[in-house]
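S.K.: Pasting protein-v1.cif below, which is mmCIF, C-alpha atoms.
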data_entry
loop_
_atom_site.group_PDB
_atom_site.id
_atom_site.type_symbol
_atom_site.label_atom_id
_atom_site.label_comp_id
_atom_site.auth_asym_id
_atom_site.auth_seq_id
_atom_site.Cartn_x
_atom_site.Cartn_y
_atom_site.Cartn_z
ATOM 1 C CA MET A 1 142.100 57.681 -6.886
ATOM 2 C CA ASN A 2 139.867 60.496 -8.065
ATOM 3 C CA TRP A 3 136.496 59.977 -9.756
ATOM 4 C CA ILE A 4 137.986 60.411 -13.262
ATOM 5 C CA GLN A 5 140.441 57.543 -12.718
ATOM 6 C CA LYS A 6 137.651 55.343 -11.351
ATOM 7 C CA PHE A 7 135.530 56.054 -14.424
ATOM 8 C CA VAL A 8 138.385 55.217 -16.814
ATOM 9 C CA ASN A 9 139.182 51.953 -15.011
ATOM 10 C CA PHE A 10 135.524 50.921 -14.943
ATOM 11 C CA SER A 11 134.862 51.720 -18.600
ATOM 12 C CA ALA A 12 137.979 49.851 -19.734
ATOM 13 C CA PHE A 13 136.627 46.558 -18.425
ATOM 14 C CA PRO A 14 133.649 46.136 -20.804
ATOM 15 C CA ILE A 15 135.795 47.234 -23.770
ATOM 16 C CA SER A 16 138.336 44.504 -23.115
ATOM 17 C CA LEU A 17 135.524 42.022 -22.571
ATOM 18 C CA VAL A 18 134.029 42.916 -25.957
ATOM 19 C CA LEU A 19 137.400 42.378 -27.620
ATOM 20 C CA ILE A 20 137.699 38.924 -26.058
ATOM 21 C CA ILE A 21 134.182 37.910 -27.057
ATOM 22 C CA SER A 22 134.604 39.147 -30.627
ATOM 23 C CA SER A 23 137.695 36.974 -31.031
ATOM 24 C CA LEU A 24 135.801 33.792 -30.144
ATOM 25 C CA PRO A 25 134.622 31.540 -33.031
ATOM 26 C CA ARG A 26 131.041 32.162 -34.151
ATOM 27 C CA ILE A 27 128.389 29.517 -33.535
ATOM 28 C CA VAL A 28 126.048 29.022 -36.466
ATOM 29 C CA ILE A 29 122.545 27.767 -35.655
ATOM 30 C CA ALA A 30 121.029 25.757 -38.490
ATOM 31 C CA GLU A 31 117.520 26.703 -39.588
ATOM 32 C CA SER A 32 114.979 24.424 -41.183
ATOM 33 C CA PRO A 33 114.225 24.837 -44.911
ATOM 34 C CA ILE A 34 110.686 26.002 -44.099
ATOM 35 C CA ALA A 35 111.982 28.645 -41.680
ATOM 36 C CA LEU A 36 114.525 29.872 -44.230
ATOM 37 C CA LYS A 37 111.870 30.008 -46.950
ATOM 38 C CA PHE A 38 109.554 32.214 -44.913
ATOM 39 C CA GLN A 39 112.354 34.326 -43.442
ATOM 40 C CA ARG A 40 112.479 36.214 -46.744
ATOM 41 C CA PHE A 41 108.904 37.386 -46.282
ATOM 42 C CA GLN A 42 109.110 39.616 -43.236
ATOM 43 C CA SER A 43 106.682 41.949 -45.015
ATOM 44 C CA TRP A 44 103.487 40.079 -45.826
ATOM 45 C CA GLN A 45 102.796 42.524 -48.634
ATOM 46 C CA ILE A 46 105.115 40.631 -51.016
ATOM 47 C CA SER A 47 104.257 37.036 -50.136
ATOM 48 C CA GLN A 48 100.842 36.807 -51.795
ATOM 49 C CA LYS A 49 102.447 35.819 -55.094
ATOM 50 C CA PHE A 50 101.930 32.118 -55.685
ATOM 51 C CA ILE A 51 105.142 30.091 -55.596
ATOM 52 C CA PRO A 52 104.512 26.816 -57.470
ATOM 53 C CA PRO A 53 105.782 23.597 -55.890
ATOM 54 C CA ASN A 54 108.332 21.396 -57.606
ATOM 55 C CA ARG A 55 105.687 19.158 -59.174
ATOM 56 C CA LYS A 56 104.269 18.577 -62.630
ATOM 57 C CA ALA A 57 100.831 17.404 -63.683
ATOM 58 C CA PRO A 58 100.708 14.184 -65.716
ATOM 59 C CA GLN A 59 100.627 14.569 -69.483
ATOM 60 C CA THR A 60 97.088 14.463 -70.893
ATOM 61 C CA THR A 61 95.456 14.947 -74.254
ATOM 62 C CA ALA A 62 92.737 17.220 -72.910
ATOM 63 C CA GLY A 63 92.891 20.794 -74.108
ATOM 64 C CA GLY A 64 91.448 24.031 -72.831
ATOM 65 C CA ALA A 65 87.862 25.126 -73.121
ATOM 66 C CA SER A 66 86.647 26.008 -76.566
ATOM 67 C CA ARG A 67 84.738 29.241 -77.028
ATOM 68 C CA GLY A 68 81.599 27.348 -77.865
ATOM 69 C CA GLY A 69 80.269 29.517 -80.665
ATOM 70 C CA SER A 70 76.730 30.643 -79.852
ATOM 71 C CA CYS A 71 76.852 28.745 -76.563
ATOM 72 C CA PHE A 72 78.525 31.684 -74.804
ATOM 73 C CA LEU A 73 76.451 34.837 -74.695
ATOM 74 C CA ALA A 74 79.568 36.969 -74.215
ATOM 75 C CA SER A 75 81.755 36.055 -77.177
ATOM 76 C CA LYS A 76 85.082 37.086 -75.599
ATOM 77 C CA GLU A 77 84.655 35.073 -72.407
ATOM 78 C CA THR A 78 85.384 31.378 -71.907
ATOM 79 C CA LEU A 79 84.959 28.785 -69.209
ATOM 80 C CA THR A 80 88.156 29.102 -67.117
ATOM 81 C CA PRO A 81 89.367 27.099 -64.112
ATOM 82 C CA LEU A 82 91.100 29.002 -61.325
ATOM 83 C CA MET A 83 94.320 27.003 -61.562
ATOM 84 C CA PRO A 84 98.055 27.588 -62.048
ATOM 85 C CA PRO A 85 99.376 27.292 -65.629
ATOM 86 C CA ASN A 86 100.391 23.628 -65.235
ATOM 87 C CA LYS A 87 96.832 22.780 -64.056
ATOM 88 C CA LEU A 88 98.085 21.022 -60.901
ATOM 89 C CA GLY A 89 97.173 22.282 -57.436
ATOM 90 C CA LEU A 90 98.159 20.994 -54.003
ATOM 91 C CA THR A 91 95.788 20.755 -51.050
ATOM 92 C CA PHE A 92 95.806 19.679 -47.421
ATOM 93 C CA SER A 93 92.099 18.881 -47.532
ATOM 94 C CA GLU A 94 90.421 15.504 -47.938
ATOM 95 C CA ARG A 95 87.666 17.247 -49.903
ATOM 96 C CA PRO A 96 88.849 20.555 -51.391
ATOM 97 C CA THR A 97 86.854 23.243 -53.155
ATOM 98 C CA PHE A 98 87.273 23.791 -56.900
ATOM 99 C CA TYR A 99 86.680 27.164 -58.571
ATOM 100 C CA TRP A 100 85.884 28.225 -62.146
ATOM 101 C CA PHE A 101 84.882 31.349 -63.965
ATOM 102 C CA VAL A 102 81.685 30.634 -65.912
ATOM 103 C CA PRO A 103 80.515 33.211 -68.484
ATOM 104 C CA GLN A 104 76.886 33.649 -69.435
ATOM 105 C CA ILE A 105 76.135 30.420 -71.202
ATOM 106 C CA GLN A 106 73.091 28.800 -72.781
ATOM 107 C CA VAL A 107 73.062 25.880 -70.372
ATOM 108 C CA GLN A 108 71.855 25.568 -66.800
ATOM 109 C CA THR A 109 73.869 22.602 -65.522
ATOM 110 C CA ALA A 110 77.451 21.398 -65.395
ATOM 111 C CA HIS A 111 78.885 17.927 -64.900
ATOM 112 C CA PHE A 112 81.860 17.361 -62.581
ATOM 113 C CA SER A 113 83.861 14.147 -62.412
ATOM 114 C CA LEU A 114 86.896 13.107 -60.372
ATOM 115 C CA LEU A 115 89.166 10.331 -61.613
ATOM 116 C CA ASP A 116 91.756 8.141 -59.934
ATOM 117 C CA GLY A 117 93.750 6.951 -62.922
ATOM 118 C CA GLU A 118 91.129 5.843 -65.432
ATOM 119 C CA ASP A 119 88.472 5.139 -62.790
ATOM 120 C CA ILE A 120 85.758 7.696 -62.031
ATOM 121 C CA ILE A 121 85.531 7.766 -58.233
ATOM 122 C CA TYR A 122 82.974 10.569 -57.993
ATOM 123 C CA GLU A 123 80.704 12.488 -60.335
ATOM 124 C CA THR A 124 77.800 14.859 -59.977
ATOM 125 C CA THR A 125 75.731 17.436 -61.833
ATOM 126 C CA PHE A 126 75.030 20.880 -60.413
ATOM 127 C CA LYS A 127 73.128 23.987 -61.440
ATOM 128 C CA LEU A 128 74.897 26.983 -62.917
ATOM 129 C CA PRO A 129 73.991 30.551 -61.998
ATOM 130 C CA LYS A 130 72.205 32.709 -64.546
ATOM 131 C CA GLN A 131 74.805 35.467 -64.330
ATOM 132 C CA SER A 132 78.481 35.179 -65.199
ATOM 133 C CA GLY A 133 81.031 34.960 -62.424
ATOM 134 C CA ILE A 134 83.213 32.700 -60.307
ATOM 135 C CA ILE A 135 81.600 29.569 -58.911
ATOM 136 C CA GLY A 136 82.904 26.979 -56.493
ATOM 137 C CA PHE A 137 82.179 23.346 -55.792
ATOM 138 C CA THR A 138 83.267 21.476 -52.657
ATOM 139 C CA LEU A 139 83.511 17.692 -52.684
ATOM 140 C CA PRO A 140 80.683 16.487 -50.405
ATOM 141 C CA ALA A 141 81.054 14.083 -47.505
ATOM 142 C CA LYS A 142 79.804 11.172 -49.615
ATOM 143 C CA ALA A 143 82.660 11.645 -52.078
ATOM 144 C CA PRO A 144 85.782 9.550 -51.377
ATOM 145 C CA SER A 145 88.405 11.457 -49.404
ATOM 146 C CA LEU A 146 91.583 12.243 -51.293
ATOM 147 C CA LYS A 147 94.553 10.090 -50.316
ATOM 148 C CA VAL A 148 97.849 11.698 -49.445
ATOM 149 C CA GLY A 149 100.419 11.580 -52.235
ATOM 150 C CA LYS A 150 97.995 10.742 -55.070
ATOM 151 C CA GLN A 151 97.192 12.942 -58.039
ATOM 152 C CA TYR A 152 93.550 13.019 -59.137
ATOM 153 C CA HIS A 153 92.253 14.258 -62.471
ATOM 154 C CA TRP A 154 89.050 16.283 -62.560
ATOM 155 C CA TYR A 155 86.771 17.457 -65.372
ATOM 156 C CA MET A 156 84.073 20.089 -65.490
ATOM 157 C CA VAL A 157 81.825 19.761 -68.546
ATOM 158 C CA ASN A 158 79.047 21.934 -69.941
ATOM 159 C CA ALA A 159 76.828 20.370 -72.586
ATOM 160 C CA CYS A 160 75.777 23.076 -74.998
ATOM 161 C CA ASN A 161 72.750 22.157 -77.089
ATOM 162 C CA SER A 162 70.978 24.411 -79.528
ATOM 163 C CA GLU A 163 69.500 24.239 -82.997
ATOM 164 C CA GLU A 164 72.777 25.519 -84.443
ATOM 165 C CA LEU A 165 75.271 23.822 -82.152
ATOM 166 C CA ALA A 166 75.636 20.630 -80.152
ATOM 167 C CA GLU A 167 78.930 20.181 -78.351
ATOM 168 C CA GLU A 168 80.592 19.734 -74.987
ATOM 169 C CA ILE A 169 82.699 22.479 -73.481
ATOM 170 C CA ASN A 170 85.085 21.140 -70.867
ATOM 171 C CA VAL A 171 88.048 22.096 -68.738
ATOM 172 C CA ASP A 172 90.213 19.850 -66.615
ATOM 173 C CA GLY A 173 92.861 19.977 -63.929
ATOM 174 C CA TRP A 174 94.663 18.012 -61.244
ATOM 175 C CA VAL A 175 94.647 17.930 -57.473
ATOM 176 C CA GLU A 176 97.117 16.302 -55.121
ATOM 177 C CA ARG A 177 96.705 16.074 -51.377
ATOM 178 C CA ILE A 178 99.832 16.386 -49.234
ATOM 179 C CA GLN A 179 100.541 16.610 -45.513
ATOM 180 C CA PRO A 180 101.934 19.868 -44.123
ATOM 181 C CA THR A 181 105.376 19.694 -42.567
ATOM 182 C CA PRO A 182 105.585 20.271 -38.786
ATOM 183 C CA ASP A 183 107.151 23.710 -39.370
ATOM 184 C CA LEU A 184 104.421 24.744 -41.782
ATOM 185 C CA SER A 185 101.697 23.475 -39.423
ATOM 186 C CA LYS A 186 103.130 25.635 -36.634
ATOM 187 C CA LEU A 187 103.324 28.638 -38.930
ATOM 188 C CA ILE A 188 99.697 28.214 -40.031
ATOM 189 C CA ALA A 189 98.552 27.841 -36.416
ATOM 190 C CA ARG A 190 100.152 31.114 -35.309
ATOM 191 C CA THR A 191 99.320 33.176 -38.410
ATOM 192 C CA ASN A 192 96.709 35.885 -38.326
ATOM 193 C CA PRO A 193 93.681 34.669 -40.364
ATOM 194 C CA LYS A 194 93.944 37.770 -42.572
ATOM 195 C CA GLN A 195 97.449 36.653 -43.619
ATOM 196 C CA LEU A 196 96.716 32.940 -43.958
ATOM 197 C CA SER A 197 96.235 32.998 -47.725
ATOM 198 C CA GLN A 198 99.721 34.463 -48.070
ATOM 199 C CA VAL A 199 101.233 31.563 -46.149
ATOM 200 C CA TYR A 200 99.459 29.069 -48.410
ATOM 201 C CA ALA A 201 100.533 30.949 -51.545
ATOM 202 C CA THR A 202 104.162 31.070 -50.450
ATOM 203 C CA ALA A 203 104.089 27.358 -49.605
ATOM 204 C CA GLY A 204 102.546 26.468 -52.983
ATOM 205 C CA ILE A 205 99.247 25.171 -51.559
ATOM 206 C CA TRP A 206 96.939 26.380 -54.321
ATOM 207 C CA TYR A 207 93.473 25.170 -53.318
ATOM 208 C CA GLU A 208 93.708 26.570 -49.785
ATOM 209 C CA ALA A 209 95.173 29.872 -51.006
ATOM 210 C CA VAL A 210 92.222 30.444 -53.350
ATOM 211 C CA ASP A 211 89.533 29.203 -50.980
ATOM 212 C CA THR A 212 90.832 31.307 -48.082
ATOM 213 C CA LEU A 213 90.637 34.473 -50.173
ATOM 214 C CA VAL A 214 87.193 33.570 -51.541
ATOM 215 C CA GLN A 215 85.844 33.135 -48.015
ATOM 216 C CA GLN A 216 87.435 36.407 -46.939
ATOM 217 C CA ARG A 217 85.910 38.206 -49.929
ATOM 218 C CA LEU A 218 82.478 36.822 -49.100
ATOM 219 C CA ALA A 219 82.798 37.884 -45.454
ATOM 220 C CA ASN A 220 84.321 41.309 -46.172
ATOM 221 C CA PRO A 221 83.438 42.335 -49.744
ATOM 222 C CA SER A 222 84.616 45.945 -49.295
ATOM 223 C CA ASP A 223 88.004 45.142 -47.706
ATOM 224 C CA ARG A 224 90.693 46.617 -49.964
ATOM 225 C CA THR A 225 93.502 44.527 -48.486
ATOM 226 C CA ILE A 226 91.664 41.315 -49.323
ATOM 227 C CA MET A 227 91.061 42.522 -52.881
ATOM 228 C CA THR A 228 94.732 43.456 -53.206
ATOM 229 C CA ASN A 229 95.718 39.959 -52.115
ATOM 230 C CA TRP A 230 93.161 38.439 -54.497
ATOM 231 C CA GLN A 231 94.563 40.470 -57.365
ATOM 232 C CA ALA A 232 98.172 39.553 -56.535
ATOM 233 C CA LEU A 233 97.392 35.832 -56.352
ATOM 234 C CA LEU A 234 95.478 35.658 -59.640
ATOM 235 C CA GLU A 235 97.935 37.850 -61.521
ATOM 236 C CA SER A 236 100.827 35.645 -60.373
ATOM 237 C CA VAL A 237 99.323 32.686 -62.274
ATOM 238 C CA GLY A 238 98.191 34.557 -65.371
ATOM 239 C CA LEU A 239 94.534 35.076 -64.391
ATOM 240 C CA LYS A 240 94.531 38.879 -64.395
ATOM 241 C CA ASN A 241 91.323 38.968 -66.436
ATOM 242 C CA LEU A 242 89.413 37.244 -63.615
ATOM 243 C CA VAL A 243 90.349 39.634 -60.790
ATOM 244 C CA SER A 244 87.231 41.777 -61.135
ATOM 245 C CA LYS A 245 84.798 38.919 -61.722
ATOM 246 C CA PRO A 246 82.084 38.523 -59.063
ATOM 247 C CA LEU A 247 81.626 35.521 -56.808
ATOM 248 C CA VAL A 248 78.187 34.253 -57.775
ATOM 249 C CA ASN A 249 77.646 30.735 -56.426
ATOM 250 C CA ILE A 250 79.270 27.928 -54.473
ATOM 251 C CA CYS A 251 77.211 25.243 -56.213
ATOM 252 C CA ASN A 252 75.362 23.789 -53.255
ATOM 253 C CA ASP A 253 72.296 23.139 -55.384
ATOM 254 C CA LYS A 254 73.224 19.782 -56.919
ATOM 255 C CA ILE A 255 71.159 17.517 -59.184
ATOM 256 C CA GLU A 256 71.984 13.814 -58.996
#
Would you write out, as structure tokens, the structure that this file holds?
M.R.:
Amino acid sequence: MNWIQKFVNFSAFPISLVLIISSLPRIVIAESPIALKFQRFQSWQISQKFIPPNRKAPQTTAGGASRGGSCFLASKETLTPLMPPNKLGLTFSERPTFYWFVPQIQVQTAHFSLLDGEDIIYETTFKLPKQSGIIGFTLPAKAPSLKVGKQYHWYMVNACNSEELAEEINVDGWVERIQPTPDLSKLIARTNPKQLSQVYATAGIWYEAVDTLVQQRLANPSDRTIMTNWQALLESVGLKNLVSKPLVNICNDKIE
């Protein structure tokens, strides 16, 4: 047998083996819903858009913030919570951070209250910055920790008093604490910190998505990728007008 015959006989073996293998029935490996959900986002550039969870906030009679007449120094700006359109946000935290855009206003303090049903379980008053911008307030250790599976109603109120006007300007929203699934916990643990906000946004965890980006902006104010992610998140929930607003205070200076 010459070398050409040996080559032909050798190469025929793997071809026949491939034909046999291809004729075998395929084995399908089931994937978890979390794995399937994130499989679509191989490129992290498209996952910053907030995907709302299948939940609705309870019906309330509270409306949005009024303009406040002479209370606001910039007539086209209003007190605005950083929240999805349905005003309900999920969190993993016992004591999350809440964010609002506050325009220049003729008051120096704001009142925050957290309700469980009709019961006020925590309230405080904190100072507002003199300049307009986005502020944040984290529930302190003395505030009751949020229970898993419960929806809490919060209010942020500014009392505007002047010779011409006396009124309260308020906004409200909801927060619900949930537990991450095992798959999501593993994904969060192995995710690069720079991409963590995108995981939260894709999973519908609003409070962590916002807070992660705020902390990244504070640590790296000139990072264009962070600003791109910030813009994508806010625009996905109809808050395009707040993208360029500065971060001015995290409301640590409380008056009680």
S.K.: Please compute the atom CA of A:Ala143-atom CA of A:Glu123 distance, one decimal, in Å.
M.R.: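 Between atom CA of A:Ala143 and atom CA of A:Glu123 the gap is 8.5 Å.
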S.K.: Identify, on the basis of all atoms listed in the file, every residue whose closest approach to A:Pro144 does not exceed 12 Å; exclude the query and any residue fewer than 6 positions from it along the same chain; express the result as an mmCIF file with C-alpha atoms, in the frame of the given file.
M.R.:
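Listing of result-v7.cif after writing:
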data_model
loop_
_atom_site.group_PDB
_atom_site.id
_atom_site.type_symbol
_atom_site.label_atom_id
_atom_site.label_comp_id
_atom_site.auth_asym_id
_atom_site.auth_seq_id
_atom_site.Cartn_x
_atom_site.Cartn_y
_atom_site.Cartn_z
ATOM 1 C CA SER A 93 92.099 18.881 -47.532
ATOM 2 C CA GLU A 94 90.421 15.504 -47.938
ATOM 3 C CA ARG A 95 87.666 17.247 -49.903
ATOM 4 C CA PRO A 96 88.849 20.555 -51.391
ATOM 5 C CA LEU A 114 86.896 13.107 -60.372
ATOM 6 C CA LEU A 115 89.166 10.331 -61.613
ATOM 7 C CA ASP A 116 91.756 8.141 -59.934
ATOM 8 C CA ILE A 120 85.758 7.696 -62.031
ATOM 9 C CA ILE A 121 85.531 7.766 -58.233
ATOM 10 C CA TYR A 122 82.974 10.569 -57.993
ATOM 11 C CA GLU A 123 80.704 12.488 -60.335
ATOM 12 C CA TYR A 152 93.550 13.019 -59.137
#
S.K.: Taking (83.3, 22.5, -54.8) in the file's coordinates, which residues come within 12 Å, counting all atoms listed in the file, written as a ChimeraX atom specification?
M.R.: /A:93,95-100,111-114,123-126,134-141,143,154,156,207,211,249-254
S.K.: May I have the residues from that selection written out with C-alpha atoms, as an mmCIF file, in the frame of the given file?
M.R.:
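Contents of selection-v6.cif, freshly written:
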data_model
loop_
_atom_site.group_PDB
_atom_site.id
_atom_site.type_symbol
_atom_site.label_atom_id
_atom_site.label_comp_id
_atom_site.auth_asym_id
_atom_site.auth_seq_id
_atom_site.Cartn_x
_atom_site.Cartn_y
_atom_site.Cartn_z
ATOM 1 C CA SER A 93 92.099 18.881 -47.532
ATOM 2 C CA ARG A 95 87.666 17.247 -49.903
ATOM 3 C CA PRO A 96 88.849 20.555 -51.391
ATOM 4 C CA THR A 97 86.854 23.243 -53.155
ATOM 5 C CA PHE A 98 87.273 23.791 -56.900
ATOM 6 C CA TYR A 99 86.680 27.164 -58.571
ATOM 7 C CA TRP A 100 85.884 28.225 -62.146
ATOM 8 C CA HIS A 111 78.885 17.927 -64.900
ATOM 9 C CA PHE A 112 81.860 17.361 -62.581
ATOM 10 C CA SER A 113 83.861 14.147 -62.412
ATOM 11 C CA LEU A 114 86.896 13.107 -60.372
ATOM 12 C CA GLU A 123 80.704 12.488 -60.335
ATOM 13 C CA THR A 124 77.800 14.859 -59.977
ATOM 14 C CA THR A 125 75.731 17.436 -61.833
ATOM 15 C CA PHE A 126 75.030 20.880 -60.413
ATOM 16 C CA ILE A 134 83.213 32.700 -60.307
ATOM 17 C CA ILE A 135 81.600 29.569 -58.911
ATOM 18 C CA GLY A 136 82.904 26.979 -56.493
ATOM 19 C CA PHE A 137 82.179 23.346 -55.792
ATOM 20 C CA THR A 138 83.267 21.476 -52.657
ATOM 21 C CA LEU A 139 83.511 17.692 -52.684
ATOM 22 C CA PRO A 140 80.683 16.487 -50.405
ATOM 23 C CA ALA A 141 81.054 14.083 -47.505
ATOM 24 C CA ALA A 143 82.660 11.645 -52.078
ATOM 25 C CA TRP A 154 89.050 16.283 -62.560
ATOM 26 C CA MET A 156 84.073 20.089 -65.490
ATOM 27 C CA TYR A 207 93.473 25.170 -53.318
ATOM 28 C CA ASP A 211 89.533 29.203 -50.980
ATOM 29 C CA ASN A 249 77.646 30.735 -56.426
ATOM 30 C CA ILE A 250 79.270 27.928 -54.473
ATOM 31 C CA CYS A 251 77.211 25.243 -56.213
ATOM 32 C CA ASN A 252 75.362 23.789 -53.255
ATOM 33 C CA ASP A 253 72.296 23.139 -55.384
ATOM 34 C CA LYS A 254 73.224 19.782 -56.919
#
S.K.: Run through the PyMOL selection byres ((chain A and resi 228) around 12) on the given coordinates and return the selected residues as number ranges by chain.
M.R.: A: 44-49, 197-198, 213, 216-217, 221-227, 229-235, 243-244
S.K.: With C-alpha atoms kept, could you save the residues just selected as a short mmCIF file (atom, residue, chain, number, x, y, z; two decimals), keeping the file's coordinate frame?
M.R.:
data_model
loop_
_atom_site.label_atom_id
_atom_site.label_comp_id
_atom_site.auth_asym_id
_atom_site.auth_seq_id
_atom_site.Cartn_x
_atom_site.Cartn_y
_atom_site.Cartn_z
CA TRP A 44 103.49 40.08 -45.83
CA GLN A 45 102.80 42.52 -48.63
CA ILE A 46 105.12 40.63 -51.02
CA SER A 47 104.26 37.04 -50.14
CA GLN A 48 100.84 36.81 -51.80
CA LYS A 49 102.45 35.82 -55.09
CA SER A 197 96.24 33.00 -47.72
CA GLN A 198 99.72 34.46 -48.07
CA LEU A 213 90.64 34.47 -50.17
CA GLN A 216 87.44 36.41 -46.94
CA ARG A 217 85.91 38.21 -49.93
CA PRO A 221 83.44 42.34 -49.74
CA SER A 222 84.62 45.94 -49.30
CA ASP A 223 88.00 45.14 -47.71
CA ARG A 224 90.69 46.62 -49.96
CA THR A 225 93.50 44.53 -48.49
CA ILE A 226 91.66 41.32 -49.32
CA MET A 227 91.06 42.52 -52.88
CA ASN A 229 95.72 39.96 -52.12
CA TRP A 230 93.16 38.44 -54.50
CA GLN A 231 94.56 40.47 -57.36
CA ALA A 232 98.17 39.55 -56.54
CA LEU A 233 97.39 35.83 -56.35
CA LEU A 234 95.48 35.66 -59.64
CA GLU A 235 97.94 37.85 -61.52
CA VAL A 243 90.35 39.63 -60.79
CA SER A 244 87.23 41.78 -61.14
#
S.K.: In file coordinates, which residues lie within 12 Å of (96.1, 17.2, -52.5) using all atoms listed in the file, given as JSON, numbers by chain?
M.R.: {"A": [55, 88, 89, 90, 91, 92, 93, 94, 95, 96, 97, 98, 145, 146, 147, 148, 149, 150, 151, 152, 153, 174, 175, 176, 177, 178, 179, 180, 204, 205, 206, 207, 208]}
S.K.: Tell me, in Å to one decimal, how far atom CA of A:Thr202 is from atom CA of A:Ala57.
M.R.: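 A separation of 19.3 Å between them.
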S.K.: Please compute the atom CA of A:Phe50-atom CA of A:Val237 distance, one decimal, in Å.
M.R.: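 A separation of 7.1 Å between them.
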S.K.: Which one of A:Ala189, A:Gln215, A:Pro52, A:Val210 sits closest to A:Pro81 if you count only C-alpha atoms?
M.R.: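 Smallest separation from A:Pro81 among the options: A:Val210.
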S.K.: Just the residues within 9 Å of A:Leu196, please, counting only C-alpha atoms, with nothing from its chain fewer than 4 positions along; format it as a CSV table (one decimal) with C-alpha atoms, in the coordinates of the input.
M.R.:
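What ended up in result.csv:
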chain,number,residue,atom,x,y,z
A,188,ILE,CA,99.7,28.2,-40.0
A,191,THR,CA,99.3,33.2,-38.4
A,192,ASN,CA,96.7,35.9,-38.3
A,200,TYR,CA,99.5,29.1,-48.4
A,201,ALA,CA,100.5,30.9,-51.5
A,209,ALA,CA,95.2,29.9,-51.0
A,212,THR,CA,90.8,31.3,-48.1
A,213,LEU,CA,90.6,34.5,-50.2
S.K.: Rank A:Gln195, A:Gln104, A:Asn54, A:Thr80 by their smallest atom-to-atom distance to A:Ser132, using only C-alpha atoms, and report the top residue only.
M.R.: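 Distance minimum relative to A:Ser132 lands on A:Gln104.
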S.K.: Counting only C-alpha atoms, figure out which residue out of A:Leu128, A:Ala219, A:Ile51, A:Val214 gets nearest to A:Leu82.
M.R.: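 Looking only at the distances to A:Leu82, the closest residue turns out to be A:Val214.
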S.K.: Using all atoms listed in the file for the distances, tell me which of A:Asn220, A:Asn158, A:Gly117, A:Gly238 is nearest to A:Pro58.
M.R.: A:Gly117
